[in-house]
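Okay, structure first, notes after.
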Amino acid sequence: MNIMSEQAIEKAVRTKVPPEINERIKMRGEKVTVHYGDKQALFDVDLNVRENQVTALIGPSGCGKSTFLRCLNRMNDTIASARVGGLITLDGEDIYDRAIDVVELRARVGMVFQKPNPFPKSIYENVAYGPRIHGLTKNKAELDEVVEKSLRKAALWNEAKDRLNEPGTGLSGGQQQRLCIARAIAVSPEVILMDEPCSALDPIATARVEELIDELKQNYTIVIVTHSMQQAARVSQRTAMFHLGYLVEEGATDKMFTNPDEKRTQDYITGRFG
Amino acid sequence: MGEHTVSAFDLELGEIDQLIGRMSNTAGTMVAASIRALLSGDTAQAQRVVSEDAIMDSLQHELDDRAITLIAKRQPMAQDLRAVVGAIRMAADLERIGDLAKNIAKRVSAVGQNAMPRKLSSGIDMMAALVLTQIKNVVELYVERNAQGLDALRSDDEKVDVSYTAVFRELLTYMMEDPRNITACTHLLFCAKNLERIGDHVTNIAENAYFVVTGEQLPAARPKQDEMTAAIVGG
């Protein structure tokens, strides 16, 4: 009989098997600052986004988390007074470089907003729009395929397949949000940014979107801003806590919600803030 | 630690802590009374200990209910979550301590027709004093959130074990001296074993309390030699 020696048992207990997580950095932020006019909204934020992981950004209102998210696909460019400093890279490439085509960048780094905002067009057209303007498909058959695949990935196909020509705005709130996710997926992005994607949804629609996020991370890198601590704890692998424009703490989600290092994080997640 | 934005949250956590305090007081009283009853042959006192076990059970139920309601209502995080989960586990250990005290008390009618000869009981008396201090200290250290103290207290369980081994040897000697001691000594041995188990539950409580306070687990159990084997071979 093969009996383990006490030392062997001890060793087996002590050596934790390292989880097989992809630690490749997809997007890197170094000393990121943002000014809106004279007001500084972000101060020297160093934050990396790991590939095929969900990174949650948390913190009280006005802490800079949405501002940081919007830097990642240059959404802040649309605000005239916004100035972004520091370095943000996608696969090592500076996304604020002059040579970067912003439209192409936003196809690679897609975005889903707080309120579902489908175009006032059919469900089909909502999803087909991106691939069409980016010239990703050659013919109608290919486009049909992309639409179906995207709706399937967004877990909306079964509900939408018989009403593809009905307006997207006729769907329920949760379905609209999944339609927006399908629309973001349709252009084959690498990173998907989500700005409070569930705050306008009921608990069941929220659960479906969370389930979807979990599946999507197999193929995409996801950054999500959320006000729901429980949601951040459920869906993300990494969590970054912002406060007053500073990054307070970033780390593995499991640790952040059970035993964070920083007192401000502790106070915020346990409901002791302000 | 600051207060919660929702003050009712603090109240509810405080109530759970108070229940732990009440359970530990009751457990301490029960252990002390059961030993006194055993050594003095006081069956009435033993009966009171047996009936107090019901109080322990109801306190534990109340704590469980409050903890589960709090989790459902507040979704506690970080140290709050640890405090609630830790309280549930500490309550289970305290309830077991109550059970073991009850077991000691139940033996009183079996042995207690006449008071235990002083010679036989002095070892158990000392062991009980040690265990009682441990019970009292563990909850005090938890209330103070004193991690180092809890770590040290866990190591102190060694003293209870050593004391148990001593009682075991001593009682063996008395039995060999005079077979008429065997009945009384056997009962005392079971009581000593119960006290030793109580010490183990106190150790569990210390480990849980340490986790609540620091968020980290104490390293795996301290090395422990098989003292009973040594005692039998040696005896």
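Labels for the structure tokens follow display order: chains A, B, ..., residues from 1 in each chain, ligands from 1.
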
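Contact shell of Glu211 of chain A at 10 Å (only C-alpha atoms; same-chain neighbours under 6 positions omitted): Ala154, Ala155, Ala205, Arg234 and Val235 of chain A.
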
Give me, as a PDB file with C-alpha atoms, in the first residue's frame, the contact residues of chain B against chain A at a cut-off of 7 Å, counting only C-alpha atoms.
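Final output, saved to out_31.pdb:
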ATOM      1  CA  GLY B   2     -15.684  53.359  11.072  1.00  0.00           C
ATOM      2  CA  GLU B   3     -19.419  53.080  11.131  1.00  0.00           C
ATOM      3  CA  HIS B   4     -21.622  51.919   8.293  1.00  0.00           C
ATOM      4  CA  THR B   5     -23.583  54.467   6.306  1.00  0.00           C
ATOM      5  CA  PRO B  76     -21.794  41.828   3.942  1.00  0.00           C
ATOM      6  CA  MET B  77     -18.306  42.090   2.430  1.00  0.00           C
ATOM      7  CA  ALA B  78     -14.753  41.688   3.717  1.00  0.00           C
ATOM      8  CA  GLN B  79     -14.447  41.949   7.512  1.00  0.00           C
ATOM      9  CA  ASP B  80     -18.221  42.152   7.932  1.00  0.00           C
ATOM     10  CA  GLY B 215      -8.580  37.764   7.135  1.00  0.00           C
TER      11      GLY B 215
END
